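> File follows, coords.txt with compact mmCIF, C-alpha atoms:
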# COMPACT_ATOMS: atom_id res chain seq x y z
CA MET T 83 -3.26 -27.50 -5.18
CA GLY T 84 -0.40 -25.58 -6.81
CA ILE T 85 0.49 -22.03 -5.87
CA TYR T 86 -1.16 -20.73 -9.07
CA GLU T 87 -4.44 -22.40 -8.13
CA GLU T 88 -4.11 -21.02 -4.61
CA LEU T 89 -3.67 -17.50 -5.97
CA GLN T 90 -6.80 -18.01 -8.04
CA GLU T 91 -8.81 -19.28 -5.08
CA ARG T 92 -7.66 -16.35 -2.96
CA GLY T 93 -9.01 -14.01 -5.65
CA LEU T 94 -5.63 -12.55 -6.56
CA ILE T 95 -5.51 -13.15 -10.32
CA ALA T 96 -7.54 -11.03 -12.70
CA GLN T 97 -6.12 -11.69 -16.18
CA VAL T 98 -3.05 -13.22 -17.77
CA THR T 99 -1.50 -13.36 -21.23
CA ASP T 100 -0.31 -16.98 -21.37
CA GLU T 101 -2.11 -18.94 -18.70
CA PRO T 102 -0.82 -22.50 -19.40
CA GLU T 103 2.81 -21.34 -19.46
CA ILE T 104 2.37 -19.07 -16.43
CA ARG T 105 0.66 -21.83 -14.45
CA GLU T 106 3.49 -24.27 -15.18
CA LEU T 107 6.26 -21.80 -14.38
CA ILE T 108 4.76 -20.65 -11.10
CA ASN T 109 3.79 -24.10 -9.87
CA ASN T 110 7.27 -25.45 -10.63
CA GLY T 111 9.16 -22.52 -9.10
CA GLY T 112 10.41 -21.39 -12.50
CA ALA T 113 9.14 -17.81 -12.46
CA ARG T 114 11.61 -14.96 -12.13
CA PHE T 115 9.07 -12.20 -11.82
CA TYR T 116 9.13 -8.50 -11.11
CA ILE T 117 6.80 -6.04 -9.46
CA GLY T 118 7.49 -2.31 -9.61
CA PHE T 119 7.18 0.26 -6.82
CA ASP T 120 7.34 4.00 -7.46
CA PRO T 121 9.19 5.76 -4.61
CA THR T 122 6.64 8.56 -4.17
CA ALA T 123 6.94 8.59 -0.34
CA ASP T 124 9.39 7.54 2.35
CA SER T 125 7.23 4.60 3.42
CA LEU T 126 5.15 1.87 1.83
CA HIS T 127 1.46 1.93 2.76
CA VAL T 128 -1.29 -0.66 2.96
CA GLY T 129 -2.05 -0.11 -0.73
CA HIS T 130 1.24 -1.95 -1.41
CA PHE T 131 0.26 -4.78 0.89
CA MET T 132 -1.12 -7.12 -1.74
CA ALA T 133 2.00 -6.94 -3.88
CA LEU T 134 4.24 -7.61 -0.88
CA CYS T 135 2.15 -10.59 0.22
CA LEU T 136 2.10 -11.92 -3.34
CA MET T 137 5.89 -11.77 -3.60
CA LYS T 138 6.19 -13.58 -0.27
CA ARG T 139 3.78 -16.33 -1.36
CA LEU T 140 5.58 -16.87 -4.66
CA GLN T 141 9.02 -16.88 -3.05
CA MET T 142 7.85 -19.46 -0.51
CA ALA T 143 6.85 -21.62 -3.51
CA GLY T 144 10.38 -21.42 -4.97
CA ASN T 145 9.96 -18.55 -7.42
CA LYS T 146 12.44 -15.65 -7.57
CA PRO T 147 11.21 -12.09 -7.00
CA VAL T 148 12.80 -9.07 -8.63
CA VAL T 149 11.79 -5.92 -6.75
CA LEU T 150 11.96 -2.98 -9.13
CA ILE T 151 12.23 0.43 -7.50
CA GLY T 152 11.24 3.19 -9.90
CA GLY T 153 14.07 5.59 -9.15
CA GLY T 154 14.22 6.47 -12.86
CA THR T 155 10.51 6.56 -13.69
CA GLY T 156 10.11 8.55 -10.48
CA TYR T 157 11.62 11.46 -12.38
CA ILE T 158 8.53 11.49 -14.59
CA GLY T 159 5.52 10.07 -12.77
CA ASP T 160 2.96 7.54 -13.92
CA PRO T 161 -0.40 8.75 -15.32
CA SER T 162 -2.04 5.33 -14.81
CA GLY T 163 -5.23 5.60 -12.78
CA ARG T 164 -4.73 9.33 -12.30
CA THR T 165 -6.45 12.46 -13.58
CA ASP T 166 -3.56 14.77 -12.73
CA MET T 167 0.20 14.83 -13.22
CA ARG T 168 2.48 13.88 -10.36
CA SER T 169 4.83 16.49 -9.02
CA MET T 170 8.50 15.81 -9.72
CA MET T 171 10.87 14.87 -6.91
CA THR T 172 14.53 15.70 -6.45
CA PRO T 173 17.11 12.93 -6.97
CA GLU T 174 17.94 13.08 -3.25
CA THR T 175 14.31 12.54 -2.26
CA ILE T 176 13.94 9.66 -4.70
CA GLN T 177 17.04 7.92 -3.34
CA HIS T 178 15.94 8.40 0.27
CA ASN T 179 12.53 6.90 -0.50
CA CYS T 180 14.17 3.94 -2.27
CA ASP T 181 16.31 3.23 0.79
CA CYS T 182 13.24 3.34 3.06
CA PHE T 183 11.34 0.92 0.80
CA LYS T 184 14.13 -1.67 0.86
CA LYS T 185 14.33 -1.63 4.64
CA GLN T 186 10.57 -2.24 4.95
CA MET T 187 10.47 -4.91 2.25
CA GLU T 188 13.04 -7.01 4.06
CA ARG T 189 10.31 -7.94 6.56
CA PHE T 190 8.41 -9.65 3.76
CA ILE T 191 10.99 -10.87 1.26
CA GLU T 192 14.27 -12.72 1.68
CA PHE T 193 17.02 -11.00 -0.29
CA GLY T 194 20.35 -12.57 -1.14
CA GLU T 195 22.18 -14.86 -3.52
CA ASP T 196 19.74 -16.99 -5.55
CA LYS T 197 16.87 -15.36 -3.66
CA ALA T 198 15.15 -12.02 -4.21
CA ILE T 199 17.02 -9.11 -5.71
CA MET T 200 16.26 -5.41 -5.71
CA VAL T 201 17.04 -3.23 -8.70
CA ASN T 202 16.54 0.45 -9.44
CA ASN T 203 15.59 1.49 -12.96
CA ALA T 204 17.56 4.71 -12.52
CA ASP T 205 20.62 2.51 -13.12
CA TRP T 206 19.69 2.02 -16.77
CA LEU T 207 17.04 4.60 -17.68
CA LEU T 208 19.21 7.59 -16.75
CA LYS T 209 21.98 6.34 -19.04
CA LEU T 210 19.81 5.97 -22.13
CA ASN T 211 20.56 8.05 -25.21
CA TYR T 212 17.46 9.68 -26.65
CA ILE T 213 18.27 8.86 -30.27
CA ASP T 214 19.01 5.23 -29.36
CA VAL T 215 15.64 4.97 -27.59
CA LEU T 216 13.84 6.37 -30.64
CA ARG T 217 15.59 3.92 -32.97
CA ASP T 218 15.64 0.75 -30.86
CA VAL T 219 12.51 1.09 -28.74
CA GLY T 220 10.26 3.76 -30.23
CA ALA T 221 10.10 1.92 -33.55
CA CYS T 222 8.38 -0.99 -31.78
CA PHE T 223 5.42 1.12 -30.61
CA SER T 224 2.28 2.19 -32.42
CA VAL T 225 0.99 5.60 -31.30
CA ASN T 226 -2.53 4.61 -32.34
CA GLN T 227 -2.35 1.53 -30.14
CA MET T 228 -0.92 3.50 -27.22
CA LEU T 229 -3.77 6.00 -27.34
CA THR T 230 -6.31 3.21 -26.87
CA ALA T 231 -4.90 2.54 -23.39
CA GLU T 232 -7.36 3.45 -20.65
CA CYS T 233 -4.72 5.33 -18.65
CA TYR T 234 -4.19 7.72 -21.55
CA LYS T 235 -7.88 8.04 -22.43
CA GLN T 236 -8.59 9.36 -18.93
CA ARG T 237 -5.97 12.07 -19.33
CA MET T 238 -6.72 13.18 -22.88
CA GLU T 239 -9.53 15.55 -21.90
CA LYS T 240 -7.42 17.45 -19.37
CA GLY T 241 -4.28 17.24 -21.44
CA LEU T 242 -1.65 14.53 -21.66
CA SER T 243 1.92 15.80 -21.70
CA PHE T 244 4.55 14.22 -23.94
CA LEU T 245 6.48 13.55 -20.74
CA GLU T 246 3.70 11.33 -19.39
CA PHE T 247 3.06 9.79 -22.80
CA ASN T 248 6.52 8.27 -22.66
CA TYR T 249 5.87 6.44 -19.37
CA MET T 250 4.51 3.37 -21.14
CA ILE T 251 7.65 3.12 -23.24
CA MET T 252 9.85 3.43 -20.16
CA GLN T 253 7.94 0.76 -18.25
CA ALA T 254 8.07 -1.54 -21.27
CA TYR T 255 11.82 -0.96 -21.50
CA ASP T 256 12.14 -1.94 -17.83
CA PHE T 257 10.71 -5.38 -18.57
CA TYR T 258 12.89 -5.73 -21.67
CA HIS T 259 16.01 -4.80 -19.67
CA LEU T 260 15.14 -7.15 -16.78
CA ASN T 261 14.43 -9.96 -19.24
CA LYS T 262 17.76 -9.45 -21.00
CA GLU T 263 19.98 -8.82 -17.96
CA TYR T 264 18.33 -10.90 -15.21
CA GLY T 265 16.34 -13.55 -17.05
CA CYS T 266 13.08 -12.06 -15.78
CA ASN T 267 10.31 -13.98 -17.56
CA MET T 268 7.19 -12.61 -15.89
CA GLN T 269 5.76 -9.37 -14.58
CA PHE T 270 3.00 -8.81 -12.05
CA GLY T 271 1.06 -5.60 -11.57
CA GLY T 272 -2.28 -4.06 -10.80
CA ASP T 273 -5.31 -3.86 -13.01
CA ASP T 274 -4.59 -0.17 -13.69
CA GLN T 275 -1.17 -1.17 -15.13
CA TRP T 276 -2.45 -3.67 -17.70
CA SER T 277 -1.75 -1.54 -20.80
CA ASN T 278 1.78 -0.69 -19.69
CA MET T 279 2.49 -4.32 -18.86
CA LEU T 280 1.23 -5.56 -22.20
CA ALA T 281 3.54 -3.04 -23.86
CA GLY T 282 6.50 -4.68 -22.14
CA THR T 283 5.48 -8.16 -23.26
CA ARG T 284 5.04 -6.95 -26.84
CA LEU T 285 8.42 -5.20 -26.83
CA ILE T 286 10.27 -8.34 -25.74
CA ARG T 287 8.54 -10.45 -28.35
CA LYS T 288 9.22 -7.92 -31.09
CA LYS T 289 12.89 -7.71 -30.16
CA ASN T 290 13.47 -11.40 -29.38
CA GLY T 291 10.87 -13.20 -31.45
CA LYS T 292 7.19 -13.92 -30.86
CA ASP T 293 7.93 -17.09 -28.87
CA ALA T 294 10.18 -15.30 -26.37
CA TYR T 295 9.37 -15.89 -22.72
CA ALA T 296 7.57 -12.77 -21.54
CA MET T 297 4.48 -13.34 -19.47
CA THR T 298 2.08 -10.80 -18.05
CA ILE T 299 -0.30 -11.24 -15.14
CA THR T 300 -2.40 -8.76 -13.16
CA LEU T 301 -3.68 -8.67 -9.63
CA LEU T 302 -7.39 -8.39 -9.04
CA LEU T 303 -7.45 -5.81 -6.27
CA ASN T 304 -4.71 -3.34 -7.04
CA SER T 305 -7.03 -0.39 -7.61
CA GLU T 306 -8.93 -1.32 -4.44
CA GLY T 307 -5.60 -1.84 -2.71
CA LYS T 308 -4.60 1.71 -3.49
CA LYS T 309 -7.89 2.90 -1.99
CA MET T 310 -7.10 0.73 1.02
CA GLY T 311 -4.03 2.84 1.59
CA LYS T 312 -6.08 5.93 2.31
CA THR T 313 -8.37 6.84 5.17
CA ALA T 314 -10.29 9.98 5.99
CA SER T 315 -7.31 11.29 7.95
CA GLY T 316 -4.59 10.30 5.47
CA ALA T 317 -2.51 7.29 4.48
CA VAL T 318 -2.01 4.12 6.52
CA TRP T 319 1.74 3.57 6.43
CA LEU T 320 3.86 0.52 7.18
CA ASP T 321 6.40 2.71 8.98
CA PRO T 322 5.55 2.58 12.71
CA ASN T 323 6.74 6.18 13.09
CA LYS T 324 4.04 7.31 10.66
CA THR T 325 1.27 4.86 11.62
CA SER T 326 1.67 3.22 15.03
CA PRO T 327 1.07 -0.55 15.40
CA PHE T 328 -2.07 0.28 17.42
CA GLU T 329 -3.42 2.53 14.64
CA PHE T 330 -2.47 -0.10 12.05
CA TYR T 331 -4.34 -2.76 14.03
CA GLN T 332 -7.35 -0.50 14.43
CA TYR T 333 -7.43 0.23 10.69
CA TRP T 334 -7.90 -3.46 9.87
CA ARG T 335 -10.15 -4.02 12.87
CA ASN T 336 -12.51 -1.42 11.41
CA VAL T 337 -12.83 -2.70 7.82
CA ASN T 338 -16.33 -3.03 6.44
CA ASP T 339 -18.21 -6.25 7.13
CA ALA T 340 -18.42 -6.88 3.39
CA ASP T 341 -14.62 -6.70 2.98
CA VAL T 342 -13.27 -8.59 5.98
CA LEU T 343 -13.36 -12.13 4.55
CA LYS T 344 -12.04 -10.93 1.21
CA CYS T 345 -9.11 -9.27 3.00
CA ILE T 346 -8.42 -12.38 5.10
CA ARG T 347 -8.37 -14.52 1.96
CA MET T 348 -6.14 -12.17 -0.04
CA LEU T 349 -3.77 -10.79 2.56
CA THR T 350 -3.24 -13.30 5.37
CA PHE T 351 -1.30 -16.55 5.22
CA LEU T 352 -3.96 -18.55 7.04
CA PRO T 353 -4.69 -21.90 5.32
CA LEU T 354 -7.50 -21.69 2.78
CA GLU T 355 -9.37 -24.53 4.52
CA GLU T 356 -9.52 -22.39 7.65
CA VAL T 357 -10.52 -19.26 5.73
CA ASN T 358 -13.23 -21.04 3.73
CA LYS T 359 -14.92 -22.09 6.99
CA MET T 360 -15.41 -18.39 7.76
CA ASP T 361 -17.53 -17.83 4.64
CA SER T 362 -20.68 -18.64 6.60
CA TRP T 363 -19.82 -16.30 9.45
CA GLU T 364 -22.19 -13.42 10.14
CA GLY T 365 -23.19 -11.00 12.88
CA SER T 366 -20.83 -11.02 15.86
CA GLN T 367 -18.68 -13.63 14.14
CA LEU T 368 -17.58 -10.93 11.67
CA ASN T 369 -16.09 -8.99 14.60
CA THR T 370 -14.05 -12.07 15.43
CA ALA T 371 -12.96 -12.23 11.78
CA LYS T 372 -11.88 -8.58 11.94
CA GLU T 373 -9.81 -9.29 15.04
CA ILE T 374 -8.14 -12.20 13.25
CA LEU T 375 -7.42 -10.02 10.20
CA ALA T 376 -6.04 -7.15 12.28
CA PHE T 377 -3.82 -9.41 14.37
CA GLU T 378 -2.42 -11.39 11.44
CA LEU T 379 -1.55 -8.33 9.37
CA THR T 380 -0.12 -6.37 12.31
CA LYS T 381 2.03 -9.40 13.14
CA LEU T 382 3.22 -9.59 9.55
CA VAL T 383 4.25 -5.92 9.44
CA HIS T 384 5.28 -5.14 13.03
CA GLY T 385 5.95 -8.52 14.62
CA GLU T 386 3.95 -10.70 17.01
CA GLU T 387 4.85 -8.74 20.15
CA GLU T 388 3.50 -5.47 18.77
CA ALA T 389 0.43 -7.22 17.37
CA THR T 390 -0.33 -8.70 20.78
CA LYS T 391 0.07 -5.31 22.47
CA ALA T 392 -2.23 -3.66 19.93
CA GLN T 393 -4.83 -6.39 20.30
CA GLU T 394 -4.81 -6.21 24.10
CA ALA T 395 -5.06 -2.41 24.05
CA ALA T 396 -8.00 -2.51 21.63
CA LYS T 397 -9.87 -5.14 23.65
CA ALA T 398 -9.31 -3.22 26.88
CA LEU T 399 -10.71 -0.04 25.35
CA PHE T 400 -13.85 -1.66 24.08
CA SER T 401 -14.43 -3.47 27.36
CA ASN T 402 -14.27 -0.11 29.22
CA ASN T 403 -11.20 -1.36 31.08
CA ALA T 404 -8.86 0.95 29.25
CA ASN T 405 -5.22 -0.04 29.04
CA THR T 406 -3.68 2.95 27.31
CA ASP T 407 -0.04 1.81 27.34
CA ASN T 408 0.07 1.10 23.61
CA MET T 409 -2.30 3.83 22.48
CA PRO T 410 -1.00 6.57 20.11
CA THR T 411 0.09 9.44 22.36
CA THR T 412 0.79 13.15 21.97
CA GLU T 413 2.51 15.12 24.71
CA LEU T 414 1.14 18.63 25.19
CA GLU T 415 3.44 21.49 26.16
CA ASP T 416 2.84 24.67 28.15
CA ALA T 417 2.54 26.56 24.86
CA ASP T 418 -0.59 24.51 24.03
CA PHE T 419 -2.40 26.05 27.01
CA ALA T 420 -3.74 29.57 27.39
CA ASP T 421 -4.77 30.51 30.92
CA GLY T 422 -4.56 26.83 31.86
CA LYS T 423 -6.85 25.66 29.05
CA ALA T 424 -6.13 23.89 25.74
CA SER T 425 -8.46 24.03 22.74
CA VAL T 426 -9.87 20.60 21.86
CA ILE T 427 -9.72 21.44 18.17
CA ASP T 428 -6.11 22.63 18.42
CA ILE T 429 -4.87 19.51 20.17
CA MET T 430 -6.68 17.27 17.66
CA LEU T 431 -4.91 19.13 14.87
CA LYS T 432 -1.56 18.81 16.66
CA ALA T 433 -2.02 15.03 17.02
CA GLY T 434 -2.95 14.59 13.34
CA LEU T 435 -6.45 13.38 14.15
CA VAL T 436 -7.75 15.91 11.64
CA LYS T 437 -6.22 17.64 8.65
CA SER T 438 -7.67 21.08 9.37
CA LYS T 439 -9.59 23.09 11.91
CA GLY T 440 -12.53 23.06 9.54
CA GLU T 441 -12.63 19.27 9.59
CA ALA T 442 -12.40 19.32 13.40
CA ARG T 443 -15.28 21.78 13.69
CA ARG T 444 -17.47 19.61 11.47
CA LEU T 445 -16.69 16.56 13.59
CA VAL T 446 -17.60 18.39 16.78
CA GLU T 447 -20.82 19.76 15.29
CA GLN T 448 -21.77 16.25 14.15
CA GLY T 449 -21.18 14.81 17.62
CA GLY T 450 -18.12 12.85 16.58
CA VAL T 451 -15.67 13.99 19.31
CA SER T 452 -15.48 12.96 22.96
CA VAL T 453 -13.01 13.78 25.73
CA ASP T 454 -12.81 11.18 28.49
CA ASP T 455 -16.16 9.74 27.33
CA GLU T 456 -17.93 13.12 27.40
CA LYS T 457 -19.23 14.24 24.04
CA ILE T 458 -18.06 17.68 22.90
CA SER T 459 -20.70 19.86 21.28
CA ASP T 460 -19.01 23.28 21.39
CA VAL T 461 -16.38 24.02 18.74
CA TYR T 462 -14.71 26.34 21.25
CA ALA T 463 -14.50 23.65 23.94
CA THR T 464 -11.29 23.50 25.97
CA VAL T 465 -9.56 21.02 28.26
CA ASP T 466 -8.46 22.29 31.66
CA ALA T 467 -4.91 21.54 32.77
CA SER T 468 -6.35 19.97 35.93
CA ALA T 469 -7.81 17.19 33.75
CA PHE T 470 -4.27 15.82 33.43
CA GLU T 471 -3.86 15.15 37.15
CA LYS T 472 -4.42 11.43 36.49
CA GLY T 473 -1.67 11.64 33.86
CA TYR T 474 -3.61 11.78 30.60
CA ILE T 475 -6.88 12.37 28.79
CA ILE T 476 -8.42 10.29 25.98
CA VAL T 477 -9.89 11.96 22.91
CA LYS T 478 -12.18 9.79 20.85
CA LYS T 479 -12.88 10.59 17.19
CA GLY T 480 -15.88 8.83 15.73
CA LYS T 481 -16.62 5.41 17.17
CA LYS T 482 -13.25 3.73 16.87
CA THR T 483 -10.33 6.18 16.88
CA PHE T 484 -8.72 6.81 20.27
CA HIS T 485 -5.78 9.09 21.10
CA LYS T 486 -4.06 9.73 24.41
CA PHE T 487 -2.79 13.18 25.42
CA THR T 488 -0.31 13.70 28.23
CA LYS T 489 1.13 16.85 29.79
Would you mind giving the structure from this file in structure tokens?

Amino acid sequence: MGIYEELQERGLIAQVTDEPEIRELINNGGARFYIGFDPTADSLHVGHFMALCLMKRLQMAGNKPVVLIGGGTGYIGDPSGRTDMRSMMTPETIQHNCDCFKKQMERFIEFGEDKAIMVNNADWLLKLNYIDVLRDVGACFSVNQMLTAECYKQRMEKGLSFLEFNYMIMQAYDFYHLNKEYGCNMQFGGDDQWSNMLAGTRLIRKKNGKDAYAMTITLLLNSEGKKMGKTASGAVWLDPNKTSPFEFYQYWRNVNDADVLKCIRMLTFLPLEEVNKMDSWEGSQLNTAKEILAFELTKLVHGEEEATKAQEAAKALFSNNANTDNMPTTELEDADFADGKASVIDIMLKAGLVKSKGEARRLVEQGGVSVDDEKISDVYATVDASAFEKGYIIVKKGKKTFHKFTK
């Protein structure tokens, strides 16, 4: 089985423009492909996971990744898959986010001579002359064709700015530039990027001839992957300072039964023969599958030592033999106590377990909060300072989120 066939069997490929050529290039290590990342935060999140794993798989098969950081397109924002316009970031913020991305990506991809390279489209987009773009690039685009793109249709009712309308042209120019300067012959992206990616393929073929190498391929789960990056309490980040290894492990340990085998197939590097044997698993076996998924992905992002610690901490909690050493922890200060008592809602807010006091109240009223295994039913409940004599208390949110508080 070639790597292309493996990607198909893992459910990673949705649609392609030139399947025979793409199959041959990828299987023979001849693809120099790019995937773009917009630097909208200072950390990658689990919604980026599929793209990172894909780049790693393809590099292991001899293909050359080009990581494109959208430092230039970050000045505008991408309307794809959105119903609102992104807020603009300062150049300093964009550069900081780009630097953070590269550091995290180095855990997945090997950079260096004749290996992966990282480029920033600010290096060429910010130098473009508007008249030159109109003459050399704009002439290759049909406005009628652009308006048929799903990403623009979704925005037409609320209003599509000219600024956003140009994003497709900029993304297409990225592929054209990478093809010309770096020999990039293929682009990968999510299903919500299909129209923009096709625009890049068309631009290269219009500029270089219809037989020019310019292949387009999409991932099956990108839109779902972006949803993966969000939970009820916010994003699940790859930065351990934003999402601890324990929280990261717990996120994957708690995926839905219906998704666990799909995630194992798409995101882990376990052999397909081993994964396929799990297809018949059900009941308690799915909990074992979730533990395998959580461990493998935590190991990939944070290393085997942290994955082992997270796994041991999780197992100890659920066996009522709590080992809290690796549990997310918040230290309370004297200012958090009034007359020797701390509000349960206030400390949950301080720890980031909830986004607002309103959310905390609803959780309490619904019976979703416990302190040291005692359910809290009063929204005005407090924790006495004497409860910390053993060194800590454990607040449980829902069935599976644990947080340690010390004083």
> Near His178 in chain T, counting all atoms listed in the file, which residues have an atom at most 12 Å away, once you skip same-chain residues fewer than 2 positions from it, shown as a CSV table (one decimal) with C-alpha atoms, in the coordinates of the input?

chain,number,residue,atom,x,y,z
T,121,PRO,CA,9.2,5.8,-4.6
T,122,THR,CA,6.6,8.6,-4.2
T,123,ALA,CA,6.9,8.6,-0.3
T,124,ASP,CA,9.4,7.5,2.4
T,125,SER,CA,7.2,4.6,3.4
T,151,ILE,CA,12.2,0.4,-7.5
T,153,GLY,CA,14.1,5.6,-9.2
T,171,MET,CA,10.9,14.9,-6.9
T,172,THR,CA,14.5,15.7,-6.4
T,173,PRO,CA,17.1,12.9,-7.0
T,174,GLU,CA,17.9,13.1,-3.2
T,175,THR,CA,14.3,12.5,-2.3
T,176,ILE,CA,13.9,9.7,-4.7
T,180,CYS,CA,14.2,3.9,-2.3
T,181,ASP,CA,16.3,3.2,0.8
T,182,CYS,CA,13.2,3.3,3.1
T,183,PHE,CA,11.3,0.9,0.8
T,184,LYS,CA,14.1,-1.7,0.9
T,185,LYS,CA,14.3,-1.6,4.6
> Pick out the closest residue to Glu415 in chain T from this set: T:Cys135, T:Val451, T:Ile108, T:Ile429. Count all atoms listed in the file.
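Going through T:Cys135, T:Val451, T:Ile108, T:Ile429 one by one, the smallest distance to Glu415 in chain T is for T:Ile429.
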> Write out as a PyMOL selection string each polymer residue whose atoms come within 8 Å of range 214-221 of chain T, counting all atoms listed in the file; drop sequence neighbours fewer than 2 positions from it.
chain T and resi 210-212+223-224+251+255+285
> Selected residues, C-alpha atoms, written as a tab-separated table (two decimals), in the frame of the given file, please.

chain	number	residue	atom	x	y	z
T	210	LEU	CA	19.81	5.97	-22.13
T	211	ASN	CA	20.56	8.05	-25.21
T	212	TYR	CA	17.46	9.68	-26.65
T	223	PHE	CA	5.42	1.12	-30.61
T	224	SER	CA	2.28	2.19	-32.42
T	251	ILE	CA	7.65	3.12	-23.24
T	255	TYR	CA	11.82	-0.96	-21.50
T	285	LEU	CA	8.42	-5.20	-26.83
> What's around Lys391 in chain T at 12 Å? Count only C-alpha atoms, leave out sequence neighbours fewer than 5 positions away in its own chain, and write the answer as a ChimeraX atom specification.
/T:326-332,377,380-381,384-386,396-398,405-409
> Mind pulling up the distance from CA of Tyr462 in chain T to CA of Asp416 in chain T?
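These atoms are spaced 18.9 Å apart.
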> Enter the distance from CA of Asp455 in chain T to CA of Asp421 in chain T, in Å, rounded to one decimal.
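Distance between the two atoms: 24.0 Å.
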> One decimal, in Å: what's the spacing between CA of Glu413 in chain T and CA of Glu456 in chain T?
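CA of Glu456 in chain T lies at a distance of 20.7 Å from CA of Glu413 in chain T.
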> Please list as a list of chain:residue names every residue within 9 Å of Trp276 in chain T, counting all atoms listed in the file and excluding residues in the same chain fewer than 2 positions away.
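Near Trp276 in chain T, the qualifying residues are T:Gln97, T:Ala231, T:Gly271, T:Gly272, T:Asp273, T:Asp274, T:Asn278, T:Met279, T:Leu280, T:Ala281, T:Thr298, T:Ile299, T:Thr300.
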> Rank T:Gln186, T:Gln393, T:Gln141, T:Thr412 by their smallest atom-to-atom distance to Trp334 in chain T, using only C-alpha atoms, and report the top residue only.
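The answer is T:Gln393, which sits nearest to Trp334 in chain T.
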> My list of candidates is T:Ala392, T:Val128, T:Met83, T:Leu107. Which is closest to Ala317 in chain T when distances are computed with all atoms listed in the file?
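Going through T:Ala392, T:Val128, T:Met83, T:Leu107 one by one, the smallest distance to Ala317 in chain T is for T:Val128.
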> Have a look at T:Val465, T:Leu150, T:Ala143, T:Ile475 and name the one nearest to Ile427 in chain T; count all atoms listed in the file.
T:Val465
> Do you know which residues are at most 8 Å from Ala113 in chain T counting all atoms listed in the file, after dropping those on the same chain fewer than 5 positions away, and could you put them as a list in words?
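So, after excluding close chain neighbours, the residues are Ile104, Leu107, Ile108, Asn145, Lys146, Cys266, Asn267 and Met268 of chain T.
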> My list of candidates is T:Thr464, T:Ser438, T:Thr350, T:Asn109. Which is closest to Val426 in chain T when distances are computed with only C-alpha atoms?
T:Thr464
> Which is closest to Asp418 in chain T among T:Ile117, T:Val446, T:Asp454, T:Asp466, if we use all atoms listed in the file?
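Using all atoms listed in the file, the shortest distance to Asp418 in chain T belongs to T:Asp466.
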> Since the input is missing atoms for range 355-368 of chain T, could you rebuild it with N, CA and C atoms and give the result as an mmCIF file, keeping the file's coordinate frame?

data_model
loop_
_atom_site.group_PDB
_atom_site.id
_atom_site.type_symbol
_atom_site.label_atom_id
_atom_site.label_comp_id
_atom_site.auth_asym_id
_atom_site.auth_seq_id
_atom_site.Cartn_x
_atom_site.Cartn_y
_atom_site.Cartn_z
ATOM 1 N N GLU T 355 -8.326 -23.726 3.890
ATOM 2 C CA GLU T 355 -9.370 -24.530 4.520
ATOM 3 C C GLU T 355 -9.953 -23.795 5.719
ATOM 4 N N GLU T 356 -9.074 -23.141 6.473
ATOM 5 C CA GLU T 356 -9.520 -22.390 7.650
ATOM 6 C C GLU T 356 -10.314 -21.154 7.235
ATOM 7 N N VAL T 357 -9.838 -20.476 6.188
ATOM 8 C CA VAL T 357 -10.520 -19.260 5.730
ATOM 9 C C VAL T 357 -11.887 -19.600 5.145
ATOM 10 N N ASN T 358 -11.960 -20.677 4.376
ATOM 11 C CA ASN T 358 -13.230 -21.040 3.730
ATOM 12 C C ASN T 358 -14.322 -21.337 4.757
ATOM 13 N N LYS T 359 -13.937 -21.829 5.938
ATOM 14 C CA LYS T 359 -14.920 -22.090 6.990
ATOM 15 C C LYS T 359 -15.572 -20.805 7.483
ATOM 16 N N MET T 360 -14.888 -19.676 7.293
ATOM 17 C CA MET T 360 -15.410 -18.390 7.760
ATOM 18 C C MET T 360 -16.459 -17.801 6.815
ATOM 19 N N ASP T 361 -16.602 -18.393 5.622
ATOM 20 C CA ASP T 361 -17.530 -17.830 4.640
ATOM 21 C C ASP T 361 -18.959 -17.756 5.155
ATOM 22 N N SER T 362 -19.309 -18.627 6.070
ATOM 23 C CA SER T 362 -20.680 -18.640 6.600
ATOM 24 C C SER T 362 -20.836 -17.753 7.829
ATOM 25 N N TRP T 363 -19.758 -17.126 8.262
ATOM 26 C CA TRP T 363 -19.820 -16.300 9.450
ATOM 27 C C TRP T 363 -20.671 -15.048 9.210
ATOM 28 N N GLU T 364 -21.387 -14.638 10.226
ATOM 29 C CA GLU T 364 -22.190 -13.420 10.140
ATOM 30 C C GLU T 364 -22.378 -12.844 11.538
ATOM 31 N N GLY T 365 -22.940 -11.643 11.589
ATOM 32 C CA GLY T 365 -23.190 -11.000 12.880
ATOM 33 C C GLY T 365 -21.935 -10.796 13.687
ATOM 34 N N SER T 366 -21.965 -11.219 14.965
ATOM 35 C CA SER T 366 -20.830 -11.020 15.860
ATOM 36 C C SER T 366 -19.599 -11.800 15.421
ATOM 37 N N GLN T 367 -19.822 -12.853 14.623
ATOM 38 C CA GLN T 367 -18.680 -13.630 14.140
ATOM 39 C C GLN T 367 -17.791 -12.791 13.224
ATOM 40 N N LEU T 368 -18.377 -11.798 12.551
ATOM 41 C CA LEU T 368 -17.580 -10.930 11.670
ATOM 42 C C LEU T 368 -16.630 -10.067 12.489
#
